[in-house]
file coords-v1.cif (mmCIF, C-alpha atoms)
data_coords
#
loop_
_atom_site.label_atom_id
_atom_site.label_comp_id
_atom_site.auth_asym_id
_atom_site.auth_seq_id
_atom_site.Cartn_x
_atom_site.Cartn_y
_atom_site.Cartn_z
CA MET A 991 127.44 84.85 76.25
CA THR A 992 130.69 86.80 75.92
CA HIS A 993 131.44 89.75 78.19
CA PHE A 994 131.07 92.07 75.17
CA ARG A 995 127.57 90.86 74.26
CA ARG A 996 126.56 90.65 77.92
CA GLY A 997 127.63 94.27 78.43
CA LEU A 998 125.80 95.39 75.29
CA PHE A 999 122.57 93.64 76.31
CA ALA A 1000 122.75 94.93 79.91
CA GLY A 1001 123.47 98.45 78.63
CA LEU A 1002 120.56 98.43 76.18
CA LEU A 1003 118.15 97.28 78.92
CA ALA A 1004 119.47 99.82 81.43
CA GLY A 1005 119.26 102.50 78.72
CA LEU A 1006 115.65 101.48 78.05
CA LEU A 1007 114.88 101.87 81.77
CA LEU A 1008 116.56 105.30 81.80
CA ALA A 1009 114.55 106.37 78.74
CA MET A 1010 111.32 105.11 80.32
CA LEU A 1011 112.05 107.02 83.53
CA ASN A 1012 112.60 110.13 81.43
CA PHE A 1013 109.29 109.48 79.69
CA VAL A 1014 107.15 109.34 82.86
CA THR A 1015 108.07 112.82 84.04
CA ASP A 1016 105.74 115.29 85.71
CA GLY A 1017 104.15 117.55 83.11
CA THR A 1018 104.29 116.59 79.44
CA PRO A 1019 105.38 112.96 79.01
CA GLY A 1020 109.00 112.74 77.86
CA ARG A 1021 109.68 116.46 78.17
CA THR A 1022 113.27 115.77 79.35
CA LEU A 1023 114.10 113.31 76.55
CA PRO A 1024 115.39 116.01 74.12
CA ASP A 1025 118.12 116.80 76.70
CA ALA A 1026 120.00 113.76 75.34
CA LEU A 1027 120.00 115.37 71.89
CA HIS A 1028 121.24 118.70 73.29
CA TRP A 1029 124.35 116.93 74.70
CA PHE A 1030 125.45 116.52 71.07
CA GLY A 1031 124.16 119.85 69.85
CA ILE A 1032 121.23 118.29 67.98
CA THR A 1033 117.97 120.22 67.84
CA ILE A 1034 114.80 118.88 66.24
CA ALA A 1035 111.97 121.38 65.81
CA ASP A 1036 109.12 118.86 66.00
CA PRO A 1037 108.68 118.20 69.76
CA THR A 1038 107.23 114.69 69.31
CA LEU A 1039 110.03 113.60 66.97
CA SER A 1040 112.57 115.21 69.29
CA ARG A 1041 111.28 113.18 72.26
CA PHE A 1042 111.25 109.89 70.35
CA THR A 1043 114.76 110.52 69.00
CA GLY A 1044 115.94 111.31 72.53
CA PHE A 1045 114.31 108.10 73.76
CA PHE A 1046 116.21 105.95 71.25
CA LEU A 1047 119.45 107.90 71.69
CA LEU A 1048 119.42 107.10 75.42
CA ILE A 1049 119.03 103.39 74.62
CA ILE A 1050 121.94 103.54 72.15
CA LEU A 1051 124.12 105.43 74.64
CA GLY A 1052 123.19 102.83 77.26
CA GLY A 1053 124.34 100.09 74.88
CA ILE A 1054 127.69 101.85 74.34
CA ALA A 1055 128.13 102.30 78.11
CA GLY A 1056 127.31 98.60 78.53
CA ILE A 1057 129.96 97.57 75.98
CA ILE A 1058 132.55 99.65 77.87
CA PHE A 1059 131.36 98.06 81.14
CA GLY A 1060 131.77 94.57 79.64
CA LEU A 1061 135.22 95.33 78.24
CA VAL A 1062 136.40 96.64 81.63
CA GLN A 1063 135.14 93.51 83.41
CA GLY A 1064 136.79 91.19 80.89
CA GLU A 1065 136.16 87.45 80.51
CA ARG A 1066 136.16 86.58 84.22
CA ASP A 1067 132.97 86.07 86.23
CA ILE A 1068 132.40 88.89 88.70
CA THR A 1069 130.66 88.95 92.09
CA ILE A 1070 127.45 90.87 92.75
CA GLY A 1071 129.39 93.31 94.96
CA ARG A 1072 131.85 94.08 92.19
CA SER A 1073 129.15 94.43 89.53
CA LEU A 1074 127.10 96.85 91.68
CA LEU A 1075 130.18 98.88 92.62
CA SER A 1076 131.37 99.02 89.00
CA GLY A 1077 127.85 100.06 87.99
CA LEU A 1078 127.88 102.82 90.59
CA VAL A 1079 131.19 104.13 89.19
CA LEU A 1080 129.78 103.96 85.65
CA GLY A 1081 126.71 105.93 86.77
CA LEU A 1082 128.96 108.55 88.34
CA VAL A 1083 131.01 108.87 85.13
CA TRP A 1084 127.77 109.09 83.11
CA TRP A 1085 126.51 111.89 85.37
CA LEU A 1086 129.84 113.78 85.18
CA LEU A 1087 130.07 113.47 81.41
CA PHE A 1088 126.48 114.00 80.28
CA SER A 1089 124.42 115.62 83.05
CA LEU A 1090 127.18 117.97 84.22
CA LEU A 1091 129.87 118.67 81.62
CA LEU A 1092 128.03 118.33 78.30
CA THR A 1093 124.84 119.95 79.64
CA ASN A 1094 126.81 122.98 80.87
CA ILE A 1095 128.98 123.23 77.76
CA MET A 1096 126.06 122.98 75.33
CA SER A 1097 123.94 125.49 77.28
CA HIS A 1098 126.90 127.92 77.43
CA ALA A 1099 126.91 128.00 81.24
CA SER A 1100 129.42 130.18 83.08
CA SER A 1101 131.45 127.10 84.02
CA PRO A 1102 131.38 123.49 82.77
CA LEU A 1103 131.09 122.45 86.41
CA SER A 1104 128.33 124.86 87.44
CA LEU A 1105 125.63 123.08 89.39
CA GLN A 1106 122.39 123.96 91.14
CA PHE A 1107 120.87 121.84 93.89
CA GLY A 1108 117.65 121.17 91.95
CA MET A 1109 119.58 120.08 88.87
CA PHE A 1110 121.87 117.88 90.95
CA LEU A 1111 118.91 116.21 92.66
CA ALA A 1112 117.08 115.67 89.37
CA THR A 1113 120.00 113.99 87.59
CA PHE A 1114 122.51 112.46 90.04
CA PRO A 1115 120.35 109.69 91.64
CA ILE A 1116 118.84 108.71 88.28
CA ASP A 1117 122.24 108.41 86.59
CA LEU A 1118 123.58 106.33 89.49
CA LEU A 1119 120.48 104.15 89.23
CA PHE A 1120 121.22 103.58 85.53
CA GLY A 1121 124.72 102.36 86.42
CA ILE A 1122 123.54 100.10 89.24
CA VAL A 1123 120.82 98.52 87.09
CA LEU A 1124 123.36 97.96 84.29
CA GLY A 1125 125.72 96.26 86.74
CA ALA A 1126 122.94 94.14 88.25
CA ILE A 1127 121.69 92.99 84.83
CA TYR A 1128 125.27 92.18 83.76
CA TYR A 1129 125.63 90.01 86.86
CA GLN A 1130 122.31 88.25 86.24
CA LEU A 1131 123.29 87.51 82.63
CA GLN A 1132 126.51 85.75 83.61
CA GLY A 1133 124.69 82.92 85.37
CA GLN A 1134 122.05 82.00 87.88
CA PRO A 1135 122.11 84.27 90.95
CA ALA A 1136 122.22 82.71 94.39
CA MET A 1137 119.00 81.78 96.15
CA ALA A 1138 117.47 84.46 98.34
CA GLU A 1139 115.00 83.61 101.07
CA MET A 1140 112.28 85.95 102.22
CA MET B 386 108.50 82.28 100.15
CA THR B 387 111.70 81.77 98.21
CA ILE B 388 113.28 83.18 95.08
CA LEU B 389 114.82 80.39 93.07
CA SER B 390 116.43 80.09 89.70
CA SER B 391 114.94 76.64 89.22
CA ALA B 392 111.41 77.64 90.08
CA ASN B 393 109.76 74.74 88.22
CA GLU B 394 111.86 72.15 90.03
CA ARG B 395 110.99 73.70 93.36
CA LYS B 396 107.31 73.85 92.42
CA GLU B 397 107.23 70.13 91.57
CA LYS B 398 108.91 69.24 94.88
CA GLY B 399 106.46 71.46 96.75
CA ILE B 400 103.44 69.84 95.07
CA THR B 401 104.73 66.33 95.86
CA ARG B 402 105.38 67.25 99.49
CA ALA B 403 101.98 68.93 99.80
CA LYS B 404 100.24 65.82 98.41
CA GLU B 405 102.09 63.64 100.90
CA THR B 406 101.42 65.79 103.96
CA GLY B 407 98.06 67.27 102.98
CA THR B 408 99.31 70.85 103.47
CA THR B 409 99.23 73.78 101.03
CA THR B 410 102.01 74.17 98.44
CA SER B 411 104.88 76.55 99.06
CA ILE B 412 105.02 79.66 96.86
CA THR B 413 108.07 80.28 94.73
CA LEU B 414 108.96 83.43 92.84
CA SER B 415 110.75 82.81 89.55
CA GLU B 416 113.59 85.02 88.36
CA ARG B 417 111.24 86.73 85.91
CA SER B 418 108.65 87.45 88.61
CA ILE B 419 111.12 88.95 91.08
CA THR B 420 112.84 90.96 88.32
CA GLY B 421 109.40 92.28 87.33
CA PHE B 422 108.77 93.26 90.94
CA ALA B 423 112.19 94.95 91.02
CA LEU B 424 111.14 97.09 88.02
CA ILE B 425 107.85 97.97 89.73
CA ARG B 426 109.87 98.90 92.85
CA ILE B 427 112.07 101.26 90.80
CA PHE B 428 109.07 103.02 89.27
CA VAL B 429 107.28 103.36 92.64
CA GLY B 430 110.50 104.84 94.05
CA TYR B 431 110.62 107.20 91.09
CA LEU B 432 107.03 108.22 91.83
CA TRP B 433 108.11 109.34 95.32
CA PHE B 434 111.27 110.92 93.88
CA GLN B 435 109.38 113.13 91.42
CA GLN B 436 107.14 114.48 94.16
CA LEU B 437 110.15 116.07 95.89
CA PHE B 438 110.43 118.75 93.24
CA TRP B 439 107.25 120.73 93.86
CA LYS B 440 108.08 121.25 97.53
CA MET B 441 111.78 121.96 97.43
CA PRO B 442 113.86 123.37 100.31
CA PRO B 443 114.54 125.81 101.84
CA ASP B 444 110.91 127.03 102.20
CA PHE B 445 108.89 123.97 101.05
CA VAL B 446 106.22 126.35 99.71
CA GLY B 447 104.38 123.76 97.59
CA LEU B 448 103.53 121.61 100.61
CA TYR B 449 101.72 124.36 102.52
CA SER B 450 98.41 124.31 100.64
CA TYR B 451 98.20 120.52 101.03
CA ILE B 452 98.74 120.73 104.80
CA VAL B 453 95.94 123.32 104.98
CA ARG B 454 93.67 121.03 102.91
CA GLU B 455 94.49 118.06 105.11
CA SER B 456 93.61 120.03 108.24
CA GLN B 457 90.21 120.88 106.70
CA HIS B 458 89.23 117.59 105.03
CA THR B 459 90.70 114.82 107.18
CA ILE B 460 88.57 111.71 107.70
CA ILE B 461 89.86 111.11 111.24
CA PRO B 462 88.46 113.34 114.01
CA GLY B 463 91.21 115.21 115.83
CA TYR B 464 93.79 114.90 113.02
CA GLY B 465 93.01 118.42 111.82
CA TYR B 466 93.52 119.69 115.38
CA ILE B 467 96.97 118.01 115.51
CA LEU B 468 97.98 119.63 112.19
CA GLN B 469 96.77 123.04 113.32
CA HIS B 470 98.89 122.83 116.47
CA THR B 471 102.03 121.49 114.78
CA PHE B 472 102.54 122.32 111.08
CA LEU B 473 100.17 125.28 111.14
CA SER B 474 101.00 126.60 114.60
CA GLY B 475 101.20 130.41 114.55
CA CYS B 476 100.20 130.67 110.87
CA THR B 477 98.33 133.84 109.96
CA SER B 478 97.35 133.03 106.36
CA LEU B 479 95.79 130.11 104.50
CA LEU B 480 97.78 130.98 101.38
CA THR B 481 101.35 131.43 102.65
CA ALA B 482 103.35 130.03 105.55
CA THR B 483 103.71 133.49 107.10
CA GLY B 484 104.18 133.37 110.87
CA CYS B 485 104.23 129.55 111.03
CA THR B 486 106.76 128.68 113.71
CA LEU B 487 107.09 124.93 113.14
CA TYR B 488 106.24 124.65 109.45
CA VAL B 489 109.77 124.64 107.99
CA PRO B 490 111.32 122.03 110.35
CA LEU B 491 108.29 119.72 110.05
CA ALA B 492 108.05 120.16 106.26
CA ALA B 493 111.80 119.42 106.07
CA SER B 494 111.16 116.18 108.00
CA VAL B 495 108.47 115.17 105.51
CA TRP B 496 110.74 116.02 102.55
CA ILE B 497 113.70 114.06 103.94
CA THR B 498 111.47 111.07 104.75
CA GLU B 499 110.14 111.07 101.18
CA LEU B 500 113.72 111.29 99.88
CA ILE B 501 114.67 108.25 102.02
CA VAL B 502 111.67 106.32 100.64
CA ALA B 503 112.61 107.26 97.07
CA ILE B 504 116.29 106.31 97.44
CA SER B 505 115.46 103.10 99.28
CA LEU B 506 112.98 101.93 96.63
CA MET B 507 114.89 103.09 93.53
CA PHE B 508 118.22 101.64 94.65
CA GLY B 509 116.80 98.55 96.36
CA LEU B 510 118.51 99.61 99.58
CA PHE B 511 116.74 98.05 102.59
CA THR B 512 113.68 98.07 100.38
CA ARG B 513 111.20 96.78 102.94
CA PHE B 514 112.15 99.55 105.36
CA GLY B 515 111.57 102.11 102.60
CA ALA B 516 108.27 100.45 101.68
CA ILE B 517 107.06 100.53 105.32
CA LEU B 518 108.02 104.20 105.57
CA GLY B 519 106.24 104.83 102.23
CA SER B 520 103.14 103.02 103.51
CA VAL B 521 103.03 105.25 106.60
CA LEU B 522 103.37 108.40 104.46
CA ALA B 523 100.72 107.16 102.02
CA ILE B 524 98.30 106.27 104.84
CA GLN B 525 98.78 109.79 106.21
CA LEU B 526 97.98 111.21 102.75
CA TYR B 527 94.90 108.97 102.51
CA VAL B 528 93.68 110.12 105.92
CA GLY B 529 94.14 113.77 105.04
CA LEU B 530 93.36 114.01 101.34
CA ALA B 531 91.32 110.96 100.26
CA TYR B 532 88.05 112.88 99.96
CA THR B 533 89.56 115.87 98.19
CA GLU B 534 90.56 113.83 95.11
CA TRP B 535 89.61 110.48 93.55
CA LEU B 536 89.16 108.27 96.60
CA TRP B 537 91.55 105.56 95.39
CA THR B 538 94.44 107.88 94.46
CA TYR B 539 96.17 107.57 97.82
CA GLY B 540 94.59 104.18 98.51
CA MET B 541 96.51 102.74 95.54
CA LEU B 542 99.72 104.31 96.84
CA VAL B 543 99.17 102.60 100.20
CA LEU B 544 98.56 99.25 98.47
CA LEU B 545 101.64 99.61 96.23
CA CYS B 546 103.87 100.28 99.23
CA LEU B 547 102.31 97.41 101.19
CA ALA B 548 102.96 95.04 98.26
CA LEU B 549 106.62 96.10 98.26
CA THR B 550 106.74 95.52 102.02
CA ALA B 551 105.61 91.93 101.52
CA ILE B 552 108.02 91.03 98.73
CA PRO B 553 111.81 91.50 98.90
CA ALA B 554 111.94 93.31 95.56
CA GLY B 555 115.35 94.85 96.28
CA ARG B 556 117.07 91.47 95.93
CA ARG B 557 117.16 91.90 92.18
CA LEU B 558 118.45 95.04 90.41
CA GLY B 559 119.31 96.54 93.80
CA PHE B 560 121.77 96.69 96.67
CA ASP B 561 119.70 94.29 98.76
CA GLN B 562 120.97 91.48 96.51
CA TRP B 563 124.39 92.08 98.08
CA PHE B 564 123.19 92.94 101.59
CA ALA B 565 120.74 90.03 101.93
CA LEU B 566 123.39 87.34 101.44
CA ARG B 567 125.73 88.87 104.01
CA LEU B 568 123.04 89.62 106.57
CA GLN B 569 121.56 86.14 106.26
CA SER B 570 124.92 84.47 106.78
CA ALA B 571 125.52 86.69 109.84
CA ALA B 572 121.99 86.11 111.16
CA HIS B 573 122.89 82.68 112.61
CA SER B 574 125.12 84.25 115.25
CA ASN B 575 123.85 87.81 115.44
CA ARG B 576 120.31 88.80 116.49
CA LEU B 577 120.64 92.32 115.10
CA ALA B 578 121.68 90.94 111.69
CA ARG B 579 118.67 88.57 111.83
CA PHE B 580 116.36 91.53 112.47
CA VAL B 581 117.94 93.82 109.87
CA SER B 582 118.05 91.05 107.25
CA TRP B 583 114.25 91.12 107.01
CA PHE B 584 114.39 94.69 105.71
CA ALA B 585 116.77 93.79 102.85
#

call {"tool": "encode", "arguments": {"input": "coords-v1.cif", "output": "structure tokens"}}
result
Amino acid sequence: MTHFRRGLFAGLLAGLLLAMLNFVTDGTPGRTLPDALHWFGITIADPTLSRFTGFFLLIILGGIAGIIFGLVQGERDITIGRSLLSGLVLGLVWWLLFSLLLTNIMSHASSPLSLQFGMFLATFPIDLLFGIVLGAIYYQLQGQPAMAEM
Amino acid sequence: MTILSSANERKEKGITRAKETGTTTSITLSERSITGFALIRIFVGYLWFQQLFWKMPPDFVGLYSYIVRESQHTIIPGYGYILQHTFLSGCTSLLTATGCTLYVPLAASVWITELIVAISLMFGLFTRFGAILGSVLAIQLYVGLAYTEWLWTYGMLVLLCLALTAIPAGRRLGFDQWFALRLQSAAHSNRLARFVSWFA
């Protein structure tokens, strides 16, 4: 599997995980999924359709992030340490771009960098998790991982 | 128990050896099984993570009514007395934490512990430590609240955390995959590394 396809596949799976985590929220299932649409200024009146569209948009965005991840890594095989660290950086960039900048810009906040503790806690760990999972899947796809004993 | 890429090969060897020696076969987790467990680990961590938001700092208001309920409905004699003289010490109302002298620091300890459990399980970071901590918290919830809701609600949480204590689910899709290799190679010459490696 080429680094491009490996990145795409890892990104789609990590995006699926991110969408599923957004689905199993407290309150109405998937209530945070339309946030992904708001990043691009899209509003869908039907709440069910809006949630499903947000769900699939997150998977697509995950795939795009995965392609970028694969292109950055190139053809060479990478270690688990490098893949997790690269994933962590990708998660940080994702959080900065989507959960901070675009969310603030699209909601007309006072500053594009304005941040509340609750909002930070709700988004930052989850976005980092997305990056780490993407990196870990990318590593697993490049070959058989080393044996681990309990 | 081992996690192997060539699970079938290992299984065949184990069966042959067991037939020869008359012992039970060794148990091997395939890549799919351990990756499945890693996904379960992430969702259990997310379960703990979500529960941080209804008892946020600085006042942890949401937790108060549950502490009061625990002190009234605990299944262990004396546990209510402990809660009344720690969390609820000095409290003047059953509805708000007015006058409680120790409530905020103790509630903060609970909140931080739950955050550690959530981060540990979601990121696969010393997963077994997080799972043990989660088991302790869940047992405490079972003791205090089991009879105020469906009996198995907190019982299932205890069992989930115990299952994640038994299986090193952080070694796939988590940081433990990196830590475990290093700690295991250091374990031959370092007793602390040997001890810590079990948690990864």

call {"tool": "residues_around", "arguments": {"input": "coords-v1.cif", "residues": "stretch 462-467 of chain B", "least_positions_apart": "5", "cutoff": "12 Å", "atoms": "all atoms listed in the file", "output": "list of chain:residue names"}}
result
B:Ile452, B:Val453, B:Arg454, B:Glu455, B:Ser456, B:Gln457, B:Phe472, B:Leu473, B:Ser474, B:Gln525, B:Leu526, B:Val528, B:Gly529, B:Leu530

call {"tool": "write_last_selection", "arguments": {"input": "coords-v1.cif", "atoms": "C-alpha atoms", "output": "PDB file, in the coordinates of the input"}}
result
ATOM      1  CA  ILE B 452      98.740 120.730 104.800  1.00  0.00           C
ATOM      2  CA  VAL B 453      95.940 123.320 104.980  1.00  0.00           C
ATOM      3  CA  ARG B 454      93.670 121.030 102.910  1.00  0.00           C
ATOM      4  CA  GLU B 455      94.490 118.060 105.110  1.00  0.00           C
ATOM      5  CA  SER B 456      93.610 120.030 108.240  1.00  0.00           C
ATOM      6  CA  GLN B 457      90.210 120.880 106.700  1.00  0.00           C
ATOM      7  CA  PHE B 472     102.540 122.320 111.080  1.00  0.00           C
ATOM      8  CA  LEU B 473     100.170 125.280 111.140  1.00  0.00           C
ATOM      9  CA  SER B 474     101.000 126.600 114.600  1.00  0.00           C
ATOM     10  CA  GLN B 525      98.780 109.790 106.210  1.00  0.00           C
ATOM     11  CA  LEU B 526      97.980 111.210 102.750  1.00  0.00           C
ATOM     12  CA  VAL B 528      93.680 110.120 105.920  1.00  0.00           C
ATOM     13  CA  GLY B 529      94.140 113.770 105.040  1.00  0.00           C
ATOM     14  CA  LEU B 530      93.360 114.010 101.340  1.00  0.00           C
TER      15      LEU B 530
END

call {"tool": "closest_residue", "arguments": {"input": "coords-v1.cif", "among": "A:Leu1111, A:Ile1057, A:Leu1131, A:Ala1126", "to": "chain B", "atoms": "all atoms listed in the file"}}
result
A:Ala1126

call {"tool": "residues_near_point", "arguments": {"input": "coords-v1.cif", "point": "(125.4, 102.7, 91.4)", "cutoff": "7 Å", "atoms": "all atoms listed in the file", "output": "short mmCIF file (atom, residue, chain, number, x, y, z; two decimals) with C-alpha atoms, in the coordinates of the input"}}
result
data_model
loop_
_atom_site.label_atom_id
_atom_site.label_comp_id
_atom_site.auth_asym_id
_atom_site.auth_seq_id
_atom_site.Cartn_x
_atom_site.Cartn_y
_atom_site.Cartn_z
CA LEU A 1074 127.10 96.85 91.68
CA LEU A 1075 130.18 98.88 92.62
CA GLY A 1077 127.85 100.06 87.99
CA LEU A 1078 127.88 102.82 90.59
CA VAL A 1079 131.19 104.13 89.19
CA GLY A 1081 126.71 105.93 86.77
CA LEU A 1118 123.58 106.33 89.49
CA LEU A 1119 120.48 104.15 89.23
CA GLY A 1121 124.72 102.36 86.42
CA ILE A 1122 123.54 100.10 89.24
#

call {"tool": "closest_atom_pairs", "arguments": {"input": "coords-v1.cif", "of": "chain B", "to": "chain A", "cutoff": "10 Å", "atoms": "only C-alpha atoms", "output": "CSV"}}
result
residue,atom,partner,partner_atom,distance
B:Met386,CA,A:Met1140,CA,5.7
B:Thr387,CA,A:Glu1139,CA,4.7
B:Ile388,CA,A:Ala1138,CA,5.5
B:Leu389,CA,A:Met1137,CA,5.4
B:Ser390,CA,A:Gln1134,CA,6.2
B:Ser391,CA,A:Gln1134,CA,9.0
B:Thr413,CA,A:Glu1139,CA,10.0
B:Glu416,CA,A:Pro1135,CA,8.9
B:Thr420,CA,A:Ile1127,CA,9.7
B:Leu424,CA,A:Leu1007,CA,8.7
B:Ile427,CA,A:Leu1119,CA,9.0
B:Phe428,CA,A:Leu1011,CA,7.6
B:Tyr431,CA,A:Leu1011,CA,7.7
B:Leu432,CA,A:Val1014,CA,9.0
B:Phe434,CA,A:Ala1112,CA,8.8
B:Gln435,CA,A:Asp1016,CA,7.1
B:Gln436,CA,A:Asp1016,CA,8.6
B:Leu437,CA,A:Leu1111,CA,9.3
B:Phe438,CA,A:Gly1108,CA,7.7
B:Trp439,CA,A:Asp1016,CA,9.9
B:Met441,CA,A:Gly1108,CA,8.1
B:Pro442,CA,A:Gly1108,CA,9.4
B:Ala503,CA,A:Pro1115,CA,9.8
B:Ile504,CA,A:Pro1115,CA,7.8
B:Met507,CA,A:Leu1119,CA,7.1
B:Phe508,CA,A:Leu1119,CA,6.4
B:Gly509,CA,A:Leu1119,CA,9.8
B:Ala551,CA,A:Met1140,CA,9.0
B:Ile552,CA,A:Met1140,CA,7.5
B:Pro553,CA,A:Met1140,CA,6.5
B:Ala554,CA,A:Met1140,CA,9.9
B:Arg556,CA,A:Ala1138,CA,7.4
B:Arg557,CA,A:Ala1126,CA,7.3
B:Leu558,CA,A:Ala1126,CA,5.1
B:Gly559,CA,A:Ala1126,CA,7.1
B:Phe560,CA,A:Leu1074,CA,7.3
B:Gln562,CA,A:Ile1070,CA,7.5
B:Trp563,CA,A:Gly1071,CA,6.0
B:Phe564,CA,A:Gly1071,CA,9.1
B:Ala565,CA,A:Ala1138,CA,7.4
B:Leu566,CA,A:Ala1138,CA,7.3
B:Gln569,CA,A:Glu1139,CA,8.7
B:Ser582,CA,A:Met1140,CA,9.2
B:Trp583,CA,A:Met1140,CA,7.3
B:Phe584,CA,A:Met1140,CA,9.6
B:Ala585,CA,A:Met1140,CA,9.1

call {"tool": "write_last_selection", "arguments": {"input": "coords-v1.cif", "atoms": "C-alpha atoms", "output": "compact mmCIF listing (two decimals), keeping the file's coordinate frame"}}
result
# COMPACT_ATOMS: atom_id res chain seq x y z
CA MET B 386 108.50 82.28 100.15
CA THR B 387 111.70 81.77 98.21
CA ILE B 388 113.28 83.18 95.08
CA LEU B 389 114.82 80.39 93.07
CA SER B 390 116.43 80.09 89.70
CA SER B 391 114.94 76.64 89.22
CA THR B 413 108.07 80.28 94.73
CA GLU B 416 113.59 85.02 88.36
CA THR B 420 112.84 90.96 88.32
CA LEU B 424 111.14 97.09 88.02
CA ILE B 427 112.07 101.26 90.80
CA PHE B 428 109.07 103.02 89.27
CA TYR B 431 110.62 107.20 91.09
CA LEU B 432 107.03 108.22 91.83
CA PHE B 434 111.27 110.92 93.88
CA GLN B 435 109.38 113.13 91.42
CA GLN B 436 107.14 114.48 94.16
CA LEU B 437 110.15 116.07 95.89
CA PHE B 438 110.43 118.75 93.24
CA TRP B 439 107.25 120.73 93.86
CA MET B 441 111.78 121.96 97.43
CA PRO B 442 113.86 123.37 100.31
CA ALA B 503 112.61 107.26 97.07
CA ILE B 504 116.29 106.31 97.44
CA MET B 507 114.89 103.09 93.53
CA PHE B 508 118.22 101.64 94.65
CA GLY B 509 116.80 98.55 96.36
CA ALA B 551 105.61 91.93 101.52
CA ILE B 552 108.02 91.03 98.73
CA PRO B 553 111.81 91.50 98.90
CA ALA B 554 111.94 93.31 95.56
CA ARG B 556 117.07 91.47 95.93
CA ARG B 557 117.16 91.90 92.18
CA LEU B 558 118.45 95.04 90.41
CA GLY B 559 119.31 96.54 93.80
CA PHE B 560 121.77 96.69 96.67
CA GLN B 562 120.97 91.48 96.51
CA TRP B 563 124.39 92.08 98.08
CA PHE B 564 123.19 92.94 101.59
CA ALA B 565 120.74 90.03 101.93
CA LEU B 566 123.39 87.34 101.44
CA GLN B 569 121.56 86.14 106.26
CA SER B 582 118.05 91.05 107.25
CA TRP B 583 114.25 91.12 107.01
CA PHE B 584 114.39 94.69 105.71
CA ALA B 585 116.77 93.79 102.85

call {"tool": "atom_distance", "arguments": {"input": "coords-v1.cif", "atom1": "atom CA of B:Ile524", "atom2": "atom CA of A:Pro1019"}}
result
27.6 Å

call {"tool": "atom_distance", "arguments": {"input": "coords-v1.cif", "atom1": "atom CA of A:Leu1061", "atom2": "atom CA of A:Arg995"}}
result
9.7 Å

call {"tool": "residues_around", "arguments": {"input": "coords-v1.cif", "residues": "stretch 1034-1042 of chain A", "least_positions_apart": "4", "cutoff": "9 Å", "atoms": "only C-alpha atoms", "output": "ChimeraX atom specification"}}
result
/A:1013,1019-1025,1027,1046-1047

call {"tool": "atom_distance", "arguments": {"input": "coords-v1.cif", "atom1": "atom CA of A:Leu1092", "atom2": "atom CA of A:Leu998"}}
result
23.2 Å

call {"tool": "residues_near_point", "arguments": {"input": "coords-v1.cif", "point": "(111.1, 98.8, 96.7)", "cutoff": "6 Å", "atoms": "all atoms listed in the file", "output": "VMD selection string"}}
result
chain B and resid 426 506 509 512 516 549 554 to 555

call {"tool": "closest_residue", "arguments": {"input": "coords-v1.cif", "among": "A:Phe1110, A:Gly1052, A:His1028, A:Pro1102", "to": "A:Leu1008", "atoms": "all atoms listed in the file"}}
result
A:Gly1052

call {"tool": "resolve_selection", "arguments": {"input": "coords-v1.cif", "expression": "the PyMOL selection byres ((chain A and resi 1105) around 12)", "output": "list in words"}}
result
Trp1085, Leu1086, Ser1089, Leu1090, Leu1091, Thr1093, Asn1094, Ala1099, Ser1100, Ser1101, Pro1102, Leu1103, Ser1104, Gln1106, Phe1107, Gly1108, Met1109, Phe1110, Leu1111, Ala1112, Thr1113 and Phe1114 of chain A

call {"tool": "closest_residue", "arguments": {"input": "coords-v1.cif", "among": "B:His470, B:Arg579, B:His458, B:His573", "to": "B:Tyr527", "atoms": "only C-alpha atoms"}}
result
B:His458

call {"tool": "closest_residue", "arguments": {"input": "coords-v1.cif", "among": "A:Gly997, A:Gln1132, A:Ser1097, A:Gly1005", "to": "A:Arg1066", "atoms": "all atoms listed in the file"}}
result
A:Gln1132

call {"tool": "closest_residue", "arguments": {"input": "coords-v1.cif", "among": "A:Thr992, A:Leu1082, A:Asp1117, A:Thr1018", "to": "A:Gln1063", "atoms": "all atoms listed in the file"}}
result
A:Thr992

call {"tool": "build_atoms", "arguments": {"input": "coords-v1.cif", "residues": "stretch 522-528 of chain B", "atoms": "N, CA and C atoms", "output": "PDB file, in the coordinates of the input"}}
result
ATOM      1  N   LEU B 522     103.596 107.095 105.113  1.00  0.00           N
ATOM      2  CA  LEU B 522     103.370 108.400 104.460  1.00  0.00           C
ATOM      3  C   LEU B 522     102.092 108.369 103.616  1.00  0.00           C
ATOM      4  N   ALA B 523     101.901 107.263 102.890  1.00  0.00           N
ATOM      5  CA  ALA B 523     100.720 107.160 102.020  1.00  0.00           C
ATOM      6  C   ALA B 523      99.435 107.061 102.834  1.00  0.00           C
ATOM      7  N   ILE B 524      99.483 106.356 103.967  1.00  0.00           N
ATOM      8  CA  ILE B 524      98.300 106.270 104.840  1.00  0.00           C
ATOM      9  C   ILE B 524      97.952 107.672 105.364  1.00  0.00           C
ATOM     10  N   GLN B 525      98.985 108.412 105.734  1.00  0.00           N
ATOM     11  CA  GLN B 525      98.780 109.790 106.210  1.00  0.00           C
ATOM     12  C   GLN B 525      98.121 110.645 105.121  1.00  0.00           C
ATOM     13  N   LEU B 526      98.586 110.458 103.866  1.00  0.00           N
ATOM     14  CA  LEU B 526      97.980 111.210 102.750  1.00  0.00           C
ATOM     15  C   LEU B 526      96.527 110.789 102.545  1.00  0.00           C
ATOM     16  N   TYR B 527      96.266 109.486 102.676  1.00  0.00           N
ATOM     17  CA  TYR B 527      94.900 108.970 102.510  1.00  0.00           C
ATOM     18  C   TYR B 527      93.978 109.573 103.568  1.00  0.00           C
ATOM     19  N   VAL B 528      94.473 109.578 104.807  1.00  0.00           N
ATOM     20  CA  VAL B 528      93.680 110.120 105.920  1.00  0.00           C
ATOM     21  C   VAL B 528      93.347 111.595 105.687  1.00  0.00           C
TER      22      VAL B 528
END
